[in-house]
$ cat work.txt   # compact mmCIF, C-alpha atoms
# COMPACT_ATOMS: atom_id res chain seq x y z
CA MET A 5 -35.19 9.78 -52.27
CA VAL A 6 -35.19 7.01 -49.68
CA VAL A 7 -33.20 9.19 -47.27
CA GLY A 8 -35.65 12.02 -47.87
CA LEU A 9 -38.66 9.80 -47.14
CA VAL A 10 -37.03 8.50 -43.96
CA ALA A 11 -36.39 12.09 -42.87
CA VAL A 12 -40.06 12.92 -43.48
CA GLY A 13 -41.09 9.90 -41.38
CA VAL A 14 -38.81 10.92 -38.51
CA GLY A 15 -40.16 14.46 -38.69
CA ALA A 16 -43.76 13.25 -38.65
CA TRP A 17 -43.01 11.02 -35.66
CA ALA A 18 -41.43 13.94 -33.79
CA ILE A 19 -44.33 16.26 -34.59
CA SER A 20 -46.90 13.69 -33.51
CA GLY A 21 -45.77 14.20 -29.93
CA LYS A 22 -46.20 17.97 -30.21
CA THR A 23 -49.77 18.10 -31.50
CA GLY A 24 -50.86 20.25 -28.57
CA GLU A 25 -48.29 22.91 -29.39
CA LEU A 26 -49.10 22.86 -33.13
CA SER A 27 -52.87 22.78 -32.87
CA GLY A 28 -53.02 26.57 -32.73
CA ILE A 29 -51.66 27.02 -36.25
CA THR A 30 -54.65 25.33 -37.88
CA GLY A 31 -56.71 28.47 -37.39
CA TYR A 32 -54.23 30.48 -39.44
CA LEU A 33 -54.08 27.82 -42.15
CA ASP A 34 -57.89 27.67 -42.35
CA ARG A 35 -57.95 31.42 -43.07
CA LEU A 36 -55.10 31.22 -45.59
CA ARG A 37 -54.97 33.99 -48.20
CA TRP A 38 -54.16 32.04 -51.32
CA TRP A 39 -53.28 35.01 -53.52
CA TRP A 40 -50.31 35.74 -51.28
CA MET A 41 -49.23 32.13 -51.61
CA VAL A 42 -49.30 32.44 -55.40
CA LEU A 43 -47.00 35.47 -55.12
CA ALA A 44 -44.76 33.51 -52.75
CA VAL A 45 -44.36 30.78 -55.39
CA VAL A 46 -43.53 33.45 -57.98
CA GLY A 47 -40.92 34.91 -55.64
CA GLU A 48 -39.32 31.51 -55.12
CA PHE A 49 -39.16 30.90 -58.85
CA GLY A 50 -37.52 34.32 -59.13
CA SER A 51 -34.83 33.14 -56.72
CA TYR A 52 -34.00 30.14 -58.90
CA GLY A 53 -34.16 32.32 -62.01
CA ALA A 54 -31.59 34.71 -60.54
CA LEU A 55 -29.29 31.83 -59.59
CA SER A 56 -29.49 30.28 -63.05
CA SER A 57 -28.85 33.69 -64.62
CA LEU A 58 -25.78 34.08 -62.40
CA GLN A 59 -24.36 30.77 -63.63
CA ARG A 60 -25.16 31.59 -67.28
CA ARG A 61 -23.30 34.91 -67.07
CA LEU A 62 -20.24 33.28 -65.54
CA LEU A 63 -20.24 30.62 -68.26
CA ARG A 64 -20.48 33.33 -70.91
CA ALA A 65 -17.24 34.77 -69.60
CA GLY A 66 -15.68 31.52 -70.82
CA ARG A 67 -17.45 31.65 -74.18
CA VAL A 68 -20.07 29.02 -73.35
CA ASP A 69 -23.72 29.95 -73.81
CA ILE A 70 -26.48 27.74 -72.39
CA GLU A 71 -30.12 28.44 -73.13
CA ALA A 72 -32.02 30.12 -70.30
CA GLY A 73 -34.62 27.36 -70.04
CA THR A 74 -31.99 24.63 -69.94
CA MET A 75 -29.96 26.48 -67.32
CA LEU A 76 -33.05 26.96 -65.16
CA GLY A 77 -33.78 23.23 -65.41
CA ILE A 78 -30.20 22.40 -64.40
CA THR A 79 -30.44 24.76 -61.43
CA LEU A 80 -33.75 23.27 -60.26
CA ALA A 81 -32.51 19.70 -60.70
CA GLY A 82 -29.24 20.41 -58.90
CA SER A 83 -31.06 22.03 -55.99
CA SER A 84 -33.31 18.98 -55.61
CA ILE A 85 -30.28 16.71 -55.57
CA GLN A 86 -28.72 18.90 -52.89
CA SER A 87 -31.92 18.87 -50.80
CA SER A 88 -32.48 15.11 -51.02
CA PHE A 89 -29.35 13.82 -49.28
CA PRO A 90 -27.42 14.67 -46.11
CA GLY A 91 -24.29 16.45 -47.29
CA GLY A 92 -25.97 16.82 -50.67
CA THR A 93 -23.74 19.74 -51.66
CA VAL A 94 -21.13 17.29 -52.96
CA PHE A 95 -23.66 15.58 -55.25
CA TYR A 96 -25.03 18.98 -56.26
CA LEU A 97 -21.66 20.35 -57.37
CA ALA A 98 -20.80 17.11 -59.17
CA TYR A 99 -24.10 17.26 -61.06
CA LEU A 100 -23.55 20.89 -62.12
CA TYR A 101 -20.00 20.09 -63.22
CA ARG A 102 -21.18 17.23 -65.44
CA GLN A 103 -23.96 19.34 -66.95
CA PHE A 104 -21.56 22.19 -67.77
CA ARG A 105 -19.13 19.75 -69.36
CA ARG A 106 -21.85 18.17 -71.51
CA ARG A 107 -22.83 21.59 -72.84
CA GLY A 108 -19.43 22.75 -74.01
CA ALA A 109 -17.50 23.93 -70.96
CA ASP A 110 -14.10 22.36 -70.36
CA ASP A 111 -12.73 21.21 -67.00
CA VAL A 112 -11.18 24.57 -66.09
CA LEU A 113 -14.22 26.68 -66.92
CA SER A 114 -16.64 24.28 -65.19
CA GLY A 115 -14.60 24.26 -62.00
CA TRP A 116 -14.08 28.02 -62.13
CA VAL A 117 -17.83 28.69 -62.45
CA LEU A 118 -18.59 26.45 -59.46
CA VAL A 119 -16.07 28.32 -57.31
CA ALA A 120 -17.14 31.76 -58.55
CA PHE A 121 -20.90 31.48 -58.10
CA ASN A 122 -20.61 29.84 -54.68
CA MET A 123 -18.25 32.58 -53.55
CA LEU A 124 -20.60 35.31 -54.82
CA THR A 125 -23.69 33.84 -53.19
CA PHE A 126 -21.82 33.30 -49.91
CA LEU A 127 -20.61 36.91 -49.93
CA ALA A 128 -24.12 38.18 -50.67
CA LEU A 129 -25.56 36.18 -47.75
CA SER A 130 -22.76 37.43 -45.49
CA ILE A 131 -23.59 41.04 -46.35
CA MET A 132 -27.27 40.40 -45.63
CA ALA A 133 -26.29 38.88 -42.29
CA LEU A 134 -24.17 41.94 -41.49
CA VAL A 135 -27.07 44.28 -42.28
CA GLY A 136 -29.42 42.15 -40.22
CA LEU A 137 -26.98 42.13 -37.33
CA ALA A 138 -26.71 45.93 -37.45
CA ILE A 139 -30.50 46.34 -37.44
CA ALA A 140 -30.96 43.90 -34.56
CA ALA A 141 -28.11 45.41 -32.53
CA SER A 142 -29.57 48.91 -32.96
CA ALA A 143 -32.78 47.60 -31.41
CA GLY A 144 -30.87 46.20 -28.44
CA SER A 145 -30.88 42.52 -29.36
CA ALA A 146 -28.81 40.28 -31.61
CA TYR A 147 -30.18 36.86 -30.56
CA ASP A 148 -26.71 35.71 -29.45
CA LEU A 149 -25.66 35.37 -33.09
CA ALA A 150 -23.17 38.23 -33.21
CA GLU A 151 -20.06 36.08 -32.68
CA ALA A 152 -21.12 33.43 -35.18
CA LEU A 153 -22.05 35.94 -37.90
CA LEU A 154 -18.90 37.98 -37.38
CA GLY A 155 -16.91 34.78 -37.80
CA ILE A 156 -18.75 34.06 -41.05
CA LEU A 157 -18.02 37.58 -42.28
CA ALA A 158 -14.35 37.07 -41.43
CA VAL A 159 -14.34 33.87 -43.50
CA ALA A 160 -15.96 35.75 -46.40
CA LEU A 161 -13.28 38.45 -46.18
CA VAL A 162 -10.53 35.82 -46.18
CA LEU A 163 -12.05 34.23 -49.30
CA VAL A 164 -12.03 37.57 -51.11
CA ILE A 165 -8.42 38.24 -50.16
CA ALA A 166 -7.39 34.71 -51.16
CA PHE A 167 -9.05 35.09 -54.56
CA VAL A 168 -7.51 38.50 -55.22
CA GLU A 169 -4.05 37.45 -54.04
CA ARG A 170 -4.19 33.91 -55.45
CA ARG A 171 -0.93 34.29 -57.39
CA ARG A 172 1.08 35.09 -54.26
CA LEU A 173 -0.62 32.48 -52.10
CA LEU A 174 -0.37 29.56 -54.51
CA VAL A 175 3.39 29.97 -54.81
CA HIS A 176 3.74 28.62 -51.27
CA PHE A 177 1.96 25.41 -52.24
CA ALA A 178 5.00 24.17 -54.17
CA THR A 179 6.71 23.20 -50.91
CA LEU A 180 3.59 21.40 -49.69
CA ILE A 181 3.30 19.48 -52.96
CA SER A 182 6.93 18.41 -52.73
CA LEU A 183 6.48 17.28 -49.12
CA TRP A 184 3.28 15.42 -50.01
CA ARG A 185 5.03 13.50 -52.78
CA ARG A 186 7.81 12.47 -50.42
CA LEU A 187 5.35 11.26 -47.79
CA LEU A 188 3.45 9.19 -50.33
CA ARG A 189 6.68 8.05 -51.99
CA ARG A 190 5.21 8.75 -55.36
CA ARG A 191 7.19 8.16 -58.51
CA LYS A 192 8.67 11.17 -60.19
CA SER A 193 5.96 13.23 -61.85
CA LYS A 194 6.18 14.82 -65.27
CA LEU A 195 5.71 18.25 -63.69
CA THR A 196 7.74 19.76 -60.88
CA PRO A 197 5.87 21.26 -57.91
CA HIS A 198 6.53 24.78 -59.24
CA GLU A 199 5.14 23.80 -62.65
CA VAL A 200 2.03 22.40 -60.98
CA VAL A 201 1.51 25.67 -59.11
CA ASP A 202 2.09 27.68 -62.30
CA ARG A 203 -0.64 25.66 -63.99
CA TRP A 204 -3.03 26.30 -61.10
CA VAL A 205 -2.36 30.02 -61.28
CA ALA A 206 -2.87 30.04 -65.05
CA GLU A 207 -6.13 28.09 -64.79
CA LEU A 208 -7.54 30.32 -62.04
CA SER A 209 -6.64 33.38 -64.12
CA ALA A 210 -7.78 31.97 -67.45
CA VAL A 211 -11.31 33.38 -67.11
CA ASN A 212 -11.27 37.13 -66.58
CA PRO A 213 -14.76 38.68 -66.51
CA SER A 214 -14.96 42.44 -66.86
CA ARG A 215 -15.99 44.69 -63.98
CA LYS A 216 -19.42 45.01 -65.53
CA GLN A 217 -19.79 41.22 -65.67
CA TRP A 218 -18.69 40.89 -62.04
CA SER A 219 -21.12 43.63 -60.99
CA ILE A 220 -24.09 42.03 -62.75
CA ALA A 221 -23.13 38.63 -61.32
CA ALA A 222 -22.99 40.12 -57.81
CA LEU A 223 -26.45 41.64 -58.29
CA MET A 224 -27.78 38.25 -59.42
CA ALA A 225 -26.28 36.63 -56.32
CA ALA A 226 -28.01 39.18 -54.08
CA ALA A 227 -31.27 38.77 -56.01
CA THR A 228 -31.15 35.03 -55.35
CA TRP A 229 -31.39 35.57 -51.59
CA LEU A 230 -33.74 38.57 -51.73
CA ALA A 231 -36.27 36.73 -53.89
CA ASP A 232 -36.19 33.76 -51.51
CA LEU A 233 -36.61 36.16 -48.59
CA SER A 234 -39.65 37.66 -50.32
CA CYS A 235 -41.21 34.17 -50.26
CA LEU A 236 -40.88 34.17 -46.45
CA VAL A 237 -42.36 37.67 -46.18
CA LEU A 238 -45.31 36.74 -48.40
CA ALA A 239 -45.91 33.64 -46.26
CA PHE A 240 -46.54 35.94 -43.28
CA TYR A 241 -49.03 37.94 -45.34
CA ALA A 242 -50.67 34.69 -46.42
CA VAL A 243 -51.52 33.81 -42.80
CA GLY A 244 -52.73 37.36 -42.19
CA VAL A 245 -50.14 38.57 -39.66
CA GLY A 246 -47.47 41.25 -39.61
CA VAL A 247 -43.83 40.56 -40.42
CA PRO A 248 -41.27 40.87 -37.56
CA TRP A 249 -39.09 43.17 -39.68
CA ARG A 250 -36.64 44.00 -36.90
CA GLY A 251 -35.11 40.53 -36.84
CA LEU A 252 -36.08 39.31 -40.30
CA LEU A 253 -32.69 39.55 -42.03
CA LEU A 254 -30.81 38.14 -39.05
CA ALA A 255 -33.21 35.23 -38.62
CA TYR A 256 -33.19 34.52 -42.35
CA ALA A 257 -29.38 34.45 -42.46
CA ALA A 258 -29.32 32.05 -39.50
CA GLY A 259 -31.84 29.81 -41.23
CA GLN A 260 -29.88 29.70 -44.47
CA LEU A 261 -26.70 28.85 -42.60
CA ALA A 262 -28.56 26.05 -40.82
CA SER A 263 -29.68 24.67 -44.19
CA ASN A 264 -26.02 24.03 -45.07
CA LEU A 265 -25.43 21.78 -42.06
CA PRO A 266 -24.73 18.26 -43.42
CA ILE A 267 -27.08 16.61 -40.92
CA THR A 268 -30.46 16.39 -42.61
CA PRO A 269 -31.39 16.77 -46.29
CA GLY A 270 -31.71 20.47 -47.10
CA GLY A 271 -31.48 21.39 -43.43
CA LEU A 272 -34.87 19.74 -42.84
CA GLY A 273 -35.93 20.59 -39.29
CA ALA A 274 -32.91 22.81 -38.61
CA VAL A 275 -34.15 25.62 -40.86
CA GLU A 276 -37.70 25.53 -39.51
CA GLY A 277 -36.45 25.50 -35.93
CA SER A 278 -33.87 28.26 -36.26
CA LEU A 279 -36.20 30.53 -38.25
CA THR A 280 -39.11 30.10 -35.86
CA VAL A 281 -37.12 30.59 -32.67
CA ALA A 282 -35.32 33.66 -34.02
CA LEU A 283 -38.46 35.34 -35.39
CA VAL A 284 -40.43 34.69 -32.19
CA THR A 285 -37.54 36.17 -30.21
CA PHE A 286 -37.84 39.34 -32.28
CA GLY A 287 -41.54 39.76 -31.66
CA GLY A 288 -43.36 37.30 -33.90
CA GLY A 289 -46.33 35.42 -32.50
CA GLU A 290 -45.57 31.80 -31.73
CA GLU A 291 -48.45 30.15 -33.59
CA SER A 292 -48.52 32.61 -36.50
CA THR A 293 -44.74 32.39 -36.98
CA VAL A 294 -44.85 28.58 -37.03
CA ALA A 295 -47.61 28.70 -39.63
CA ALA A 296 -45.74 31.22 -41.80
CA VAL A 297 -42.44 29.34 -41.61
CA LEU A 298 -44.12 26.03 -42.49
CA LEU A 299 -45.77 27.66 -45.52
CA TYR A 300 -42.44 29.16 -46.56
CA ARG A 301 -40.72 25.80 -46.31
CA PHE A 302 -43.56 24.10 -48.17
CA VAL A 303 -42.90 26.39 -51.14
CA SER A 304 -39.12 26.79 -50.92
CA TYR A 305 -38.33 23.16 -50.04
CA TRP A 306 -41.08 20.66 -50.78
CA LEU A 307 -42.64 22.25 -53.86
CA MET A 308 -39.28 23.10 -55.43
CA LEU A 309 -37.99 19.63 -54.52
CA ALA A 310 -40.74 18.00 -56.57
CA ILE A 311 -40.34 20.43 -59.48
CA GLY A 312 -36.58 19.93 -59.43
CA TRP A 313 -36.84 16.16 -59.76
CA VAL A 314 -39.23 16.61 -62.68
CA ALA A 315 -36.64 18.91 -64.26
CA TRP A 316 -33.94 16.29 -63.61
CA ALA A 317 -36.03 13.61 -65.34
CA ALA A 318 -36.71 15.92 -68.31
CA LEU A 319 -33.01 16.74 -68.70
CA ALA A 320 -32.03 13.06 -68.43
CA TRP A 321 -34.59 12.13 -71.10
CA SER A 322 -33.53 14.93 -73.46
CA SER A 323 -29.84 14.09 -73.04
CA ARG A 324 -30.52 10.55 -74.25
CA ARG A 325 -32.22 11.87 -77.37
CA ARG A 326 -29.45 14.19 -78.44
CA ARG A 327 -25.76 13.51 -78.82
CA PRO A 328 -23.55 15.43 -76.31
CA VAL A 329 -21.17 18.06 -77.58
CA ASP A 330 -18.17 16.28 -79.07
CA ALA A 331 -15.03 17.43 -77.23
CA GLY A 332 -13.01 16.69 -80.33
CA MET A 333 -15.10 19.10 -82.44
CA ARG A 334 -15.86 22.02 -80.16
CA GLU A 335 -13.66 25.07 -79.79
CA PRO A 336 -11.75 25.14 -76.50
CA ASN A 337 -12.99 27.69 -73.97
CA LEU A 338 -9.58 28.75 -72.75
CA PRO A 339 -6.16 29.40 -74.28
CA VAL A 340 -3.44 26.78 -74.11
CA LEU A 341 -1.35 27.47 -71.02
CA THR A 342 1.90 25.58 -71.37
CA THR A 343 3.50 22.92 -73.55
CA ALA A 344 2.74 20.29 -70.93
CA SER A 345 -0.87 21.40 -70.58
CA ALA A 346 -1.25 21.34 -74.38
CA ALA A 347 -0.13 17.72 -74.46
CA ASP A 348 -2.50 16.86 -71.64
CA SER A 349 -5.30 18.68 -73.44
CA ASP A 350 -4.69 16.70 -76.63
CA THR A 351 -4.80 13.46 -74.66
CA ALA A 352 -8.05 14.51 -72.93
CA ILE A 353 -9.65 15.46 -76.26
CA THR A 354 -8.68 12.11 -77.77
CA LYS A 355 -10.15 10.21 -74.81
CA GLU A 356 -13.33 12.27 -74.85
CA ALA A 357 -13.77 11.83 -78.59
CA SER A 358 -13.30 8.07 -78.36
CA ARG A 359 -15.76 7.97 -75.47
CA TRP A 360 -18.58 9.43 -77.56
CA ALA A 361 -17.60 7.73 -80.83
CA PRO A 362 -20.23 5.34 -82.21

$ encode --input "work.txt" --output "structure tokens"
Amino acid sequence: MVVGLVAVGVGAWAISGKTGELSGITGYLDRLRWWWMVLAVVGEFGSYGALSSLQRRLLRAGRVDIEAGTMLGITLAGSSIQSSFPGGTVFYLAYLYRQFRRRGADDVLSGWVLVAFNMLTFLALSIMALVGLAIAASAGSAYDLAEALLGILAVALVLVIAFVERRRLLVHFATLISLWRRLLRRRKSKLTPHEVVDRWVAELSAVNPSRKQWSIAALMAAATWLADLSCLVLAFYAVGVGVPWRGLLLAYAAGQLASNLPITPGGLGAVEGSLTVALVTFGGGEESTVAAVLLYRFVSYWLMLAIGWVAWAALAWSSRRRRPVDAGMREPNLPVLTTASAADSDTAITKEASRWAP
């Protein structure tokens, strides 16, 4: 929170020197159409609802069911954690992992869900960027983003191939593990490098959603971005100007990529700048675009940031009132993989049970 407040102060100081350039947006804000803003808030909540539904469906594939309201609260709280710190993605993933574990998911399932939903949302954004690039290129302009977006699409394709061919690829890690142990001069481990790789392969393959489950999860990932994009579109309607449709998808993809830069919390400043410059390049009015983007960020960043921290506080309070799921009592999510992993699992269950024992 301190880092976030400092970032706000720096932003206010920077804007104070640009009052002449920003004075023109006050006219649009004075004539704000509030009913469009209400719809923009609804659209943003729909984005978080789709993301929480995506995570719930992936957890169900591992036989863990979390209530919809609780999952939405976890999603909102995690997003606020991510948006409050530079490089907040690490804290965000750690928070989600702990919440999944407290609600019945084991280590393997929790880690698998984190990988799966991030991969799906990244692929969905990459496809949107590809469509936006095609639309912009057909109009004779791509805002110099073609190389960057094509590189992102190549990364997405590599991720898909790596996930599909994980069994073949992980086999080669046995040599790296052996070399790593020699460099660190570690004592002899209970498991050989090949046994370690076999365990990785088994854990990555332990959760096998059906094609229908994958399809629904992919639709939820796409809905996450489309609902957030609708918030931006409705912000333009709220200030009473037309939407620069020709470059909308491309500019939006660039803005979302900028939000992942570990420089400012939640891409503060980078998202506003990249969105505004790109949309103005594609025909949006300077003052009206600035006003619309600021309204969009007020809803998607500041409003959801406050709501997310309220959700975090509510979850923290409720977790103190109820006893967490006892790892020694719950049914394991995944089958036992090997004799060694069974022994490790027994040890982990014993430690977890003693941790929560009165």

$ residues_around --input "work.txt" --residues "Ala221 of chain A" --least-positions-apart "4" --cutoff "9 Å" --atoms "all atoms listed in the file" --output "list of chain:residue names"
A:Ser57, A:Leu58, A:Gln59, A:Arg61, A:Leu62, A:Phe121, A:Leu124, A:Lys216, A:Gln217, A:Ala225, A:Ala226

$ closest_residue --input "work.txt" --among "A:Thr179, A:Ser278, A:Ser83, A:Thr196" --to "Trp316 of chain A" --atoms "all atoms listed in the file"
A:Ser83

$ atom_distance --input "work.txt" --atom1 "atom CA of Ile311 of chain A" --atom2 "atom CA of Ser84 of chain A"
8.2 Å

$ residues_near_point --input "work.txt" --point "(-32.4, 25.1, -39.5)" --cutoff "9 Å" --atoms "all atoms listed in the file" --output "MDAnalysis selection string"
chainID A and resid 258:265 270:279

$ residues_around --input "work.txt" --residues "Thr280 of chain A" --least-positions-apart "3" --cutoff "9 Å" --atoms "only C-alpha atoms" --output "number ranges by chain"
A: 255, 275-277, 283-285, 288, 290, 293-294, 296-297

$ atom_distance --input "work.txt" --atom1 "atom CA of Gly53 of chain A" --atom2 "atom CA of Val243 of chain A"
25.9 Å

$ residues_around --input "work.txt" --residues "Ile131 of chain A" --least-positions-apart "4" --cutoff "12 Å" --atoms "all atoms listed in the file" --output "VMD selection string"
chain A and resid 124 to 127 135 to 138 153 to 154 156 to 158 160 to 161 222 225 to 226 229 to 230 253 to 254 257
